[in-house]
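With mmCIF, N, CA and C atoms inside, this is structure.cif:
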```cif
data_query
#
loop_
_atom_site.label_atom_id
_atom_site.label_comp_id
_atom_site.auth_asym_id
_atom_site.auth_seq_id
_atom_site.Cartn_x
_atom_site.Cartn_y
_atom_site.Cartn_z
N MET A 1 0.85 -1.16 0.00
CA MET A 1 0.00 0.00 0.00
C MET A 1 0.90 1.23 0.00
N VAL A 2 0.53 2.21 -0.78
CA VAL A 2 1.29 3.45 -0.86
C VAL A 2 0.95 4.31 0.36
N TYR A 3 1.93 5.06 0.84
CA TYR A 3 1.77 5.84 2.07
C TYR A 3 0.54 6.75 2.05
N THR A 4 0.18 7.32 0.89
CA THR A 4 -0.96 8.23 0.81
C THR A 4 -2.29 7.53 1.05
N ASP A 5 -2.33 6.20 0.93
CA ASP A 5 -3.56 5.44 1.12
C ASP A 5 -3.70 4.85 2.52
N LYS A 6 -2.76 5.11 3.41
CA LYS A 6 -2.75 4.48 4.75
C LYS A 6 -4.04 4.77 5.53
N GLU A 7 -4.46 6.02 5.59
CA GLU A 7 -5.66 6.36 6.36
C GLU A 7 -6.91 5.79 5.72
N LYS A 8 -6.97 5.81 4.41
CA LYS A 8 -8.14 5.35 3.67
C LYS A 8 -8.42 3.87 3.91
N TYR A 9 -7.37 3.07 4.03
CA TYR A 9 -7.52 1.63 4.15
C TYR A 9 -7.07 1.10 5.52
N SER A 10 -7.18 1.88 6.56
CA SER A 10 -6.71 1.45 7.88
C SER A 10 -7.51 0.27 8.43
N ASP A 11 -8.80 0.17 8.08
CA ASP A 11 -9.61 -0.94 8.54
C ASP A 11 -9.16 -2.27 7.92
N ILE A 12 -8.76 -2.24 6.65
CA ILE A 12 -8.27 -3.46 5.99
C ILE A 12 -6.92 -3.87 6.59
N LEU A 13 -6.10 -2.88 6.95
CA LEU A 13 -4.82 -3.17 7.60
C LEU A 13 -5.05 -3.86 8.94
N SER A 14 -6.00 -3.36 9.72
CA SER A 14 -6.26 -3.97 11.03
C SER A 14 -6.85 -5.38 10.87
N ASN A 15 -7.70 -5.60 9.86
CA ASN A 15 -8.22 -6.95 9.59
C ASN A 15 -7.09 -7.90 9.21
N SER A 16 -6.14 -7.41 8.42
CA SER A 16 -4.99 -8.23 8.02
C SER A 16 -4.13 -8.60 9.21
N LEU A 17 -3.92 -7.65 10.10
CA LEU A 17 -3.12 -7.91 11.30
C LEU A 17 -3.79 -8.97 12.17
N THR A 18 -5.10 -8.88 12.35
CA THR A 18 -5.84 -9.86 13.13
C THR A 18 -5.73 -11.24 12.49
N TYR A 19 -5.86 -11.30 11.17
CA TYR A 19 -5.75 -12.56 10.45
C TYR A 19 -4.37 -13.20 10.67
N LEU A 20 -3.32 -12.41 10.53
CA LEU A 20 -1.96 -12.94 10.69
C LEU A 20 -1.71 -13.43 12.11
N GLU A 21 -2.23 -12.70 13.10
CA GLU A 21 -2.08 -13.14 14.50
C GLU A 21 -2.80 -14.47 14.71
N ASN A 22 -3.97 -14.63 14.10
CA ASN A 22 -4.76 -15.85 14.28
C ASN A 22 -4.13 -17.08 13.63
N ILE A 23 -3.34 -16.89 12.58
CA ILE A 23 -2.73 -18.06 11.94
C ILE A 23 -1.31 -18.33 12.45
N GLY A 24 -0.88 -17.61 13.49
CA GLY A 24 0.35 -17.99 14.16
C GLY A 24 1.57 -17.13 13.92
N PHE A 25 1.44 -15.98 13.31
CA PHE A 25 2.59 -15.11 13.12
C PHE A 25 2.90 -14.38 14.42
N GLU A 26 4.18 -14.18 14.68
CA GLU A 26 4.64 -13.54 15.90
C GLU A 26 5.52 -12.34 15.56
N ASN A 27 5.83 -11.56 16.57
CA ASN A 27 6.74 -10.42 16.42
C ASN A 27 6.31 -9.53 15.25
N ILE A 28 5.03 -9.20 15.23
CA ILE A 28 4.44 -8.45 14.12
C ILE A 28 4.77 -6.97 14.25
N LYS A 29 5.26 -6.41 13.15
CA LYS A 29 5.52 -4.98 13.07
C LYS A 29 4.69 -4.42 11.94
N ALA A 30 4.01 -3.30 12.19
CA ALA A 30 3.16 -2.70 11.16
C ALA A 30 3.08 -1.20 11.40
N ASP A 31 2.74 -0.51 10.36
CA ASP A 31 2.59 0.95 10.45
C ASP A 31 1.16 1.25 10.90
N ALA A 32 0.83 0.77 12.11
CA ALA A 32 -0.50 0.95 12.67
C ALA A 32 -0.36 1.21 14.17
N GLU A 33 -1.42 1.74 14.74
CA GLU A 33 -1.41 2.06 16.17
C GLU A 33 -1.32 0.77 16.99
N GLY A 34 -0.44 0.78 17.98
CA GLY A 34 -0.25 -0.37 18.84
C GLY A 34 0.82 -1.34 18.37
N TYR A 35 1.43 -1.06 17.25
CA TYR A 35 2.48 -1.92 16.70
C TYR A 35 3.74 -1.11 16.46
N GLU A 36 4.86 -1.78 16.57
CA GLU A 36 6.14 -1.15 16.25
C GLU A 36 6.24 -0.97 14.74
N THR A 37 6.81 0.15 14.31
CA THR A 37 6.94 0.43 12.88
C THR A 37 8.08 -0.39 12.28
N PRO A 38 7.85 -1.03 11.11
CA PRO A 38 8.92 -1.81 10.47
C PRO A 38 10.06 -0.91 9.98
N LYS A 39 11.20 -1.52 9.73
CA LYS A 39 12.36 -0.79 9.23
C LYS A 39 12.06 -0.21 7.85
N SER A 40 12.44 1.05 7.64
CA SER A 40 12.27 1.72 6.35
C SER A 40 13.56 1.67 5.56
N TYR A 41 13.43 1.67 4.26
CA TYR A 41 14.58 1.69 3.36
C TYR A 41 14.50 2.96 2.52
N HIS A 42 15.61 3.68 2.42
CA HIS A 42 15.65 4.94 1.69
C HIS A 42 16.19 4.71 0.29
N LYS A 43 15.46 5.21 -0.71
CA LYS A 43 15.90 5.09 -2.10
C LYS A 43 16.94 6.16 -2.37
N ARG A 44 18.12 5.73 -2.72
CA ARG A 44 19.23 6.63 -2.96
C ARG A 44 18.94 7.56 -4.13
N GLY A 45 19.27 8.82 -3.98
CA GLY A 45 19.08 9.79 -5.05
C GLY A 45 17.68 10.37 -5.12
N SER A 46 16.84 10.06 -4.14
CA SER A 46 15.49 10.62 -4.12
C SER A 46 15.04 10.77 -2.66
N ASP A 47 13.83 11.26 -2.48
CA ASP A 47 13.32 11.42 -1.12
C ASP A 47 12.28 10.35 -0.78
N ILE A 48 12.35 9.21 -1.46
CA ILE A 48 11.38 8.13 -1.26
C ILE A 48 11.88 7.15 -0.21
N ASN A 49 11.02 6.88 0.78
CA ASN A 49 11.28 5.85 1.78
C ASN A 49 10.33 4.70 1.55
N ILE A 50 10.85 3.49 1.57
CA ILE A 50 10.02 2.30 1.38
C ILE A 50 9.90 1.59 2.72
N THR A 51 8.66 1.46 3.18
CA THR A 51 8.37 0.77 4.43
C THR A 51 7.38 -0.34 4.14
N PRO A 52 7.71 -1.59 4.46
CA PRO A 52 6.74 -2.67 4.26
C PRO A 52 5.49 -2.43 5.11
N ASP A 53 4.33 -2.85 4.62
CA ASP A 53 3.09 -2.66 5.38
C ASP A 53 3.13 -3.47 6.67
N ILE A 54 3.53 -4.73 6.56
CA ILE A 54 3.58 -5.62 7.72
C ILE A 54 4.83 -6.49 7.62
N VAL A 55 5.53 -6.66 8.74
CA VAL A 55 6.64 -7.60 8.83
C VAL A 55 6.34 -8.49 10.03
N ALA A 56 6.43 -9.81 9.82
CA ALA A 56 6.13 -10.75 10.89
C ALA A 56 7.04 -11.97 10.77
N GLU A 57 7.09 -12.75 11.83
CA GLU A 57 7.90 -13.96 11.83
C GLU A 57 7.03 -15.17 12.13
N LYS A 58 7.39 -16.26 11.48
CA LYS A 58 6.72 -17.53 11.75
C LYS A 58 7.75 -18.63 11.53
N GLU A 59 7.89 -19.48 12.52
CA GLU A 59 8.83 -20.60 12.48
C GLU A 59 10.25 -20.13 12.18
N GLY A 60 10.63 -18.98 12.74
CA GLY A 60 11.98 -18.46 12.60
C GLY A 60 12.29 -17.77 11.28
N ARG A 61 11.32 -17.60 10.41
CA ARG A 61 11.53 -16.98 9.11
C ARG A 61 10.73 -15.67 9.02
N LYS A 62 11.39 -14.65 8.52
CA LYS A 62 10.76 -13.33 8.39
C LYS A 62 9.90 -13.28 7.13
N HIS A 63 8.72 -12.67 7.26
CA HIS A 63 7.79 -12.52 6.15
C HIS A 63 7.46 -11.03 5.98
N TYR A 64 7.52 -10.57 4.73
CA TYR A 64 7.09 -9.22 4.39
C TYR A 64 5.70 -9.33 3.75
N PHE A 65 4.76 -8.53 4.23
CA PHE A 65 3.41 -8.53 3.69
C PHE A 65 3.09 -7.14 3.15
N GLU A 66 2.49 -7.12 1.95
CA GLU A 66 2.05 -5.88 1.34
C GLU A 66 0.56 -5.98 1.07
N LEU A 67 -0.16 -4.90 1.36
CA LEU A 67 -1.58 -4.85 1.04
C LEU A 67 -1.73 -4.37 -0.39
N SER A 68 -2.45 -5.12 -1.19
CA SER A 68 -2.69 -4.74 -2.57
C SER A 68 -4.08 -4.14 -2.67
N LEU A 69 -4.13 -2.84 -2.73
CA LEU A 69 -5.39 -2.11 -2.82
C LEU A 69 -5.27 -1.09 -3.94
N LYS A 70 -6.37 -0.83 -4.62
CA LYS A 70 -6.35 0.12 -5.74
C LYS A 70 -5.72 1.43 -5.29
N SER A 71 -4.82 1.93 -6.12
CA SER A 71 -4.04 3.10 -5.74
C SER A 71 -3.99 4.11 -6.88
N GLU A 72 -3.78 5.36 -6.50
CA GLU A 72 -3.60 6.44 -7.47
C GLU A 72 -2.19 6.42 -8.06
N LYS A 73 -1.27 5.72 -7.41
CA LYS A 73 0.13 5.69 -7.83
C LYS A 73 0.59 4.24 -8.06
N PRO A 74 0.11 3.59 -9.12
CA PRO A 74 0.50 2.19 -9.34
C PRO A 74 1.98 2.01 -9.65
N LYS A 75 2.61 3.00 -10.27
CA LYS A 75 4.03 2.87 -10.59
C LYS A 75 4.88 2.80 -9.33
N LEU A 76 4.55 3.61 -8.34
CA LEU A 76 5.26 3.59 -7.06
C LEU A 76 5.03 2.27 -6.34
N LEU A 77 3.81 1.76 -6.41
CA LEU A 77 3.48 0.48 -5.79
C LEU A 77 4.25 -0.66 -6.44
N LYS A 78 4.36 -0.64 -7.76
CA LYS A 78 5.11 -1.68 -8.47
C LYS A 78 6.57 -1.68 -8.07
N SER A 79 7.16 -0.50 -7.98
CA SER A 79 8.58 -0.44 -7.61
C SER A 79 8.78 -0.90 -6.17
N LYS A 80 7.83 -0.62 -5.30
CA LYS A 80 7.90 -1.07 -3.91
C LYS A 80 7.84 -2.59 -3.85
N TRP A 81 6.94 -3.19 -4.61
CA TRP A 81 6.82 -4.65 -4.63
C TRP A 81 8.07 -5.30 -5.18
N LEU A 82 8.61 -4.75 -6.25
CA LEU A 82 9.83 -5.31 -6.83
C LEU A 82 11.00 -5.25 -5.85
N PHE A 83 11.11 -4.12 -5.15
CA PHE A 83 12.17 -3.98 -4.16
C PHE A 83 12.01 -5.00 -3.04
N LEU A 84 10.80 -5.12 -2.49
CA LEU A 84 10.59 -6.05 -1.38
C LEU A 84 10.75 -7.51 -1.83
N ASN A 85 10.37 -7.82 -3.06
CA ASN A 85 10.57 -9.16 -3.58
C ASN A 85 12.06 -9.48 -3.70
N THR A 86 12.83 -8.53 -4.23
CA THR A 86 14.27 -8.72 -4.37
C THR A 86 14.94 -8.84 -3.00
N LEU A 87 14.56 -7.97 -2.08
CA LEU A 87 15.11 -8.01 -0.72
C LEU A 87 14.83 -9.35 -0.05
N SER A 88 13.61 -9.83 -0.17
CA SER A 88 13.26 -11.10 0.47
C SER A 88 13.99 -12.27 -0.18
N ASN A 89 14.20 -12.23 -1.49
CA ASN A 89 14.96 -13.30 -2.16
C ASN A 89 16.42 -13.29 -1.74
N MET A 90 17.00 -12.12 -1.58
CA MET A 90 18.41 -12.01 -1.19
C MET A 90 18.66 -12.55 0.21
N LYS A 91 17.72 -12.35 1.11
CA LYS A 91 17.92 -12.71 2.51
C LYS A 91 17.17 -13.97 2.92
N SER A 92 16.64 -14.70 1.97
CA SER A 92 15.87 -15.93 2.23
C SER A 92 14.67 -15.69 3.14
N HIS A 93 14.03 -14.56 2.94
CA HIS A 93 12.77 -14.26 3.63
C HIS A 93 11.63 -14.57 2.68
N ARG A 94 10.43 -14.28 3.11
CA ARG A 94 9.25 -14.50 2.28
C ARG A 94 8.54 -13.17 2.02
N PHE A 95 7.99 -13.02 0.82
CA PHE A 95 7.23 -11.84 0.45
C PHE A 95 5.85 -12.28 -0.02
N LYS A 96 4.81 -11.78 0.64
CA LYS A 96 3.45 -12.17 0.30
C LYS A 96 2.58 -10.92 0.16
N ILE A 97 1.57 -11.05 -0.67
CA ILE A 97 0.65 -9.95 -0.92
C ILE A 97 -0.72 -10.32 -0.37
N ILE A 98 -1.33 -9.38 0.34
CA ILE A 98 -2.66 -9.56 0.90
C ILE A 98 -3.61 -8.64 0.15
N THR A 99 -4.77 -9.17 -0.24
CA THR A 99 -5.76 -8.34 -0.92
C THR A 99 -7.16 -8.71 -0.41
N THR A 100 -8.12 -7.94 -0.81
CA THR A 100 -9.48 -8.15 -0.35
C THR A 100 -10.44 -8.02 -1.53
N LYS A 101 -11.67 -8.39 -1.31
CA LYS A 101 -12.68 -8.37 -2.38
C LYS A 101 -12.77 -6.98 -3.00
N GLY A 102 -12.84 -6.95 -4.32
CA GLY A 102 -12.89 -5.69 -5.05
C GLY A 102 -11.54 -5.24 -5.56
N HIS A 103 -10.47 -5.94 -5.13
CA HIS A 103 -9.12 -5.57 -5.52
C HIS A 103 -8.38 -6.72 -6.21
N TYR A 104 -9.06 -7.85 -6.45
CA TYR A 104 -8.41 -9.02 -7.04
C TYR A 104 -7.89 -8.74 -8.45
N LYS A 105 -8.72 -8.13 -9.30
CA LYS A 105 -8.33 -7.86 -10.68
C LYS A 105 -7.14 -6.90 -10.72
N PHE A 106 -7.20 -5.85 -9.89
CA PHE A 106 -6.10 -4.89 -9.80
C PHE A 106 -4.81 -5.60 -9.42
N THR A 107 -4.89 -6.49 -8.43
CA THR A 107 -3.71 -7.22 -7.96
C THR A 107 -3.14 -8.12 -9.06
N ASN A 108 -4.00 -8.85 -9.75
CA ASN A 108 -3.52 -9.72 -10.83
C ASN A 108 -2.86 -8.92 -11.94
N GLU A 109 -3.43 -7.79 -12.31
CA GLU A 109 -2.85 -6.95 -13.36
C GLU A 109 -1.49 -6.40 -12.93
N MET A 110 -1.38 -5.99 -11.68
CA MET A 110 -0.11 -5.46 -11.17
C MET A 110 0.96 -6.55 -11.17
N LEU A 111 0.62 -7.74 -10.72
CA LEU A 111 1.58 -8.84 -10.70
C LEU A 111 2.01 -9.23 -12.11
N ASP A 112 1.07 -9.20 -13.06
CA ASP A 112 1.42 -9.49 -14.46
C ASP A 112 2.35 -8.43 -15.02
N ASP A 113 2.09 -7.16 -14.70
CA ASP A 113 2.90 -6.06 -15.22
C ASP A 113 4.36 -6.15 -14.79
N ILE A 114 4.60 -6.64 -13.58
CA ILE A 114 5.98 -6.67 -13.07
C ILE A 114 6.57 -8.09 -13.08
N ASN A 115 5.89 -9.00 -13.79
CA ASN A 115 6.38 -10.37 -13.96
C ASN A 115 6.53 -11.15 -12.66
N LEU A 116 5.62 -10.96 -11.75
CA LEU A 116 5.60 -11.76 -10.52
C LEU A 116 4.39 -12.70 -10.57
N THR A 117 4.19 -13.33 -11.71
CA THR A 117 3.02 -14.18 -11.90
C THR A 117 3.07 -15.44 -11.05
N ASP A 118 4.24 -15.78 -10.51
CA ASP A 118 4.35 -16.97 -9.65
C ASP A 118 3.83 -16.69 -8.25
N LYS A 119 3.58 -15.44 -7.91
CA LYS A 119 3.08 -15.08 -6.59
C LYS A 119 1.59 -15.38 -6.48
N THR A 120 1.22 -16.00 -5.39
CA THR A 120 -0.20 -16.15 -5.06
C THR A 120 -0.47 -15.19 -3.91
N PHE A 121 -1.64 -14.63 -3.90
CA PHE A 121 -1.93 -13.67 -2.84
C PHE A 121 -2.92 -14.22 -1.84
N ILE A 122 -2.90 -13.64 -0.66
CA ILE A 122 -3.79 -14.04 0.42
C ILE A 122 -5.06 -13.22 0.30
N LYS A 123 -6.20 -13.90 0.25
CA LYS A 123 -7.50 -13.22 0.11
C LYS A 123 -8.14 -13.11 1.49
N ILE A 124 -8.43 -11.89 1.90
CA ILE A 124 -9.09 -11.68 3.19
C ILE A 124 -10.47 -11.11 2.94
#
```
Kindly transcribe the structure held in the file into structure tokens.
Amino acid sequence: MVYTDKEKYSDILSNSLTYLENIGFENIKADAEGYETPKSYHKRGSDINITPDIVAEKEGRKHYFELSLKSEKPKLLKSKWLFLNTLSNMKSHRFKIITTKGHYKFTNEMLDDINLTDKTFIKI
């Protein structure tokens, strides 16, 4: 999710956090009230900071979660996903996308555009 959409979709973020807690994820960090903020990454040569929506651990492995929701800035969202996918591959972590009803087509189109067709997303 792009930073400008955080307030608009805060209810979906809280539903996602509840879902992850219920299926056994621990040490959850999210950009939401009551949670520690995940580590941000600064894009060199610009003023863009990339912060994963949710970072959690399960069975000793770190997972990055991104909420896929319709956005006004799809190009920024694509670059964020590509960065997090590359980061997770380099460090043997996992990168997963969470979406909800009404956003499935948008998510599939975004994944096709950036050649991440092997990714399956979590439907909440």
Handout entry: Which residue of A:His93, A:Lys80, A:Lys39, A:Arg44 approaches His63 (chain A) most closely, using only N, CA and C atoms
Key =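 When distances to His63 (chain A) are compared using only N, CA and C atoms, the smallest one comes from A:His93.
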Handout entry: Long-range neighbours of Lys78 (chain A) as a list in words, 12 Å cut-off, only C-alpha atoms, 4 positions minimum in chain
Key =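 That gives Met1, Val2, Ile50, Glu66, Ser68, Leu69, Lys70, Ser71, Glu72, Lys73, Pro74, Leu82, Phe83, Leu84, Asn85, Phe106, Thr107, Glu109, Met110, Leu111, Asp112, Asp113, Ile114, Asn115 and Leu116 of chain A.
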At most 7 Å from (6.1, -16.5, 13.8), file frame, only N, CA and C atoms: which residues, as a short mmCIF file (atom, residue, chain, number, x, y, z; two decimals) with N, CA and C atoms, keeping the file's coordinate frame?
```cif
data_model
loop_
_atom_site.label_atom_id
_atom_site.label_comp_id
_atom_site.auth_asym_id
_atom_site.auth_seq_id
_atom_site.Cartn_x
_atom_site.Cartn_y
_atom_site.Cartn_z
N GLY A 24 -0.88 -17.61 13.49
CA GLY A 24 0.35 -17.99 14.16
C GLY A 24 1.57 -17.13 13.92
N PHE A 25 1.44 -15.98 13.31
CA PHE A 25 2.59 -15.11 13.12
C PHE A 25 2.90 -14.38 14.42
N GLU A 26 4.18 -14.18 14.68
CA GLU A 26 4.64 -13.54 15.90
C GLU A 26 5.52 -12.34 15.56
N ASN A 27 5.83 -11.56 16.57
CA ASN A 27 6.74 -10.42 16.42
C ASN A 27 6.31 -9.53 15.25
N ALA A 56 6.43 -9.81 9.82
CA ALA A 56 6.13 -10.75 10.89
C ALA A 56 7.04 -11.97 10.77
N GLU A 57 7.09 -12.75 11.83
CA GLU A 57 7.90 -13.96 11.83
C GLU A 57 7.03 -15.17 12.13
N LYS A 58 7.39 -16.26 11.48
CA LYS A 58 6.72 -17.53 11.75
C LYS A 58 7.75 -18.63 11.53
N GLU A 59 7.89 -19.48 12.52
CA GLU A 59 8.83 -20.60 12.48
C GLU A 59 10.25 -20.13 12.18
N GLY A 60 10.63 -18.98 12.74
CA GLY A 60 11.98 -18.46 12.60
C GLY A 60 12.29 -17.77 11.28
N ARG A 61 11.32 -17.60 10.41
CA ARG A 61 11.53 -16.98 9.11
C ARG A 61 10.73 -15.67 9.02
#
```
Handout entry: Selected residue, from A:Phe121, A:Tyr35, A:Trp81, A:Phe65, that lies nearest to Arg94 (chain A) when counting only N, CA and C atoms
Key =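 Ranking A:Phe121, A:Tyr35, A:Trp81, A:Phe65 by distance to Arg94 (chain A), first place goes to A:Phe65.
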Exercise for the section: Please report, as a PyMOL selection string, each residue of chain A to which DSSP assigns helix (DSSP H, G or I) when run on this structure's backbone. Expected result: chain A and resi 3-5+10-22+74-90+104-113
Using the file's own x, y and z axes, so that the box edges lie along x, y and z, what centre and edge lengths in Å (one decimal) does a box around every listed atom of region 3-18 of chain A get when 6 Å is added on each side? Give it as JSON.
```
{"center_x": -3.8, "center_y": -1.5, "center_z": 7.0, "size_x": 23.5, "size_y": 31.5, "size_z": 24.3}
```
Problem - Two-atom distance - atom C of Thr86 (chain A), CA of Pro52 (chain A) (Å) - result: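 Answer for the atom C of Thr86 (chain A) to CA of Pro52 (chain A) separation: 12.6 Å.
The spacing separating atom C of Ser79 (chain A) from atom N of Val55 (chain A) amounts to 16.3 Å.
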Handout entry: Result set of the PyMOL selection byres ((chain A and resi 99) around 7) on the coordinates above, as a list in words
Key =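 When the PyMOL selection byres ((chain A and resi 99) around 7) is applied to the shown file, the picked residues are Glu66, Leu67, Ser68, Leu69, Ile97, Ile98, Thr100, Lys101, His103, Tyr104, Phe121, Ile122, Lys123 and Ile124 of chain A.
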Practice task
Run DSSP on the backbone and grab whatever in chain A lands in strand (DSSP E or B); send it over as a PyMOL selection string.
Solution key: chain A and resi 26-30+36+41-42+49-50+54-58+61-68+94-99+121-123
Practice task
Take CA of Lys105 (chain A) and CA of Lys75 (chain A) and report the distance between them in Å, one decimal.
Solution key: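 These two atoms are separated by 16.4 Å.
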Handout entry: Nearest residue to Lys29 (chain A) from the set A:Leu87, A:Leu77, A:Leu13, A:Ile54 (distances using only C-alpha atoms)
Key =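 Ranking A:Leu87, A:Leu77, A:Leu13, A:Ile54 by distance to Lys29 (chain A), first place goes to A:Ile54.
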Problem - Pick from A:Glu21, A:Tyr3, A:Asn15, A:Lys91, whichever lies nearest to Thr51 (chain A) using only N, CA and C atoms - result: A:Tyr3
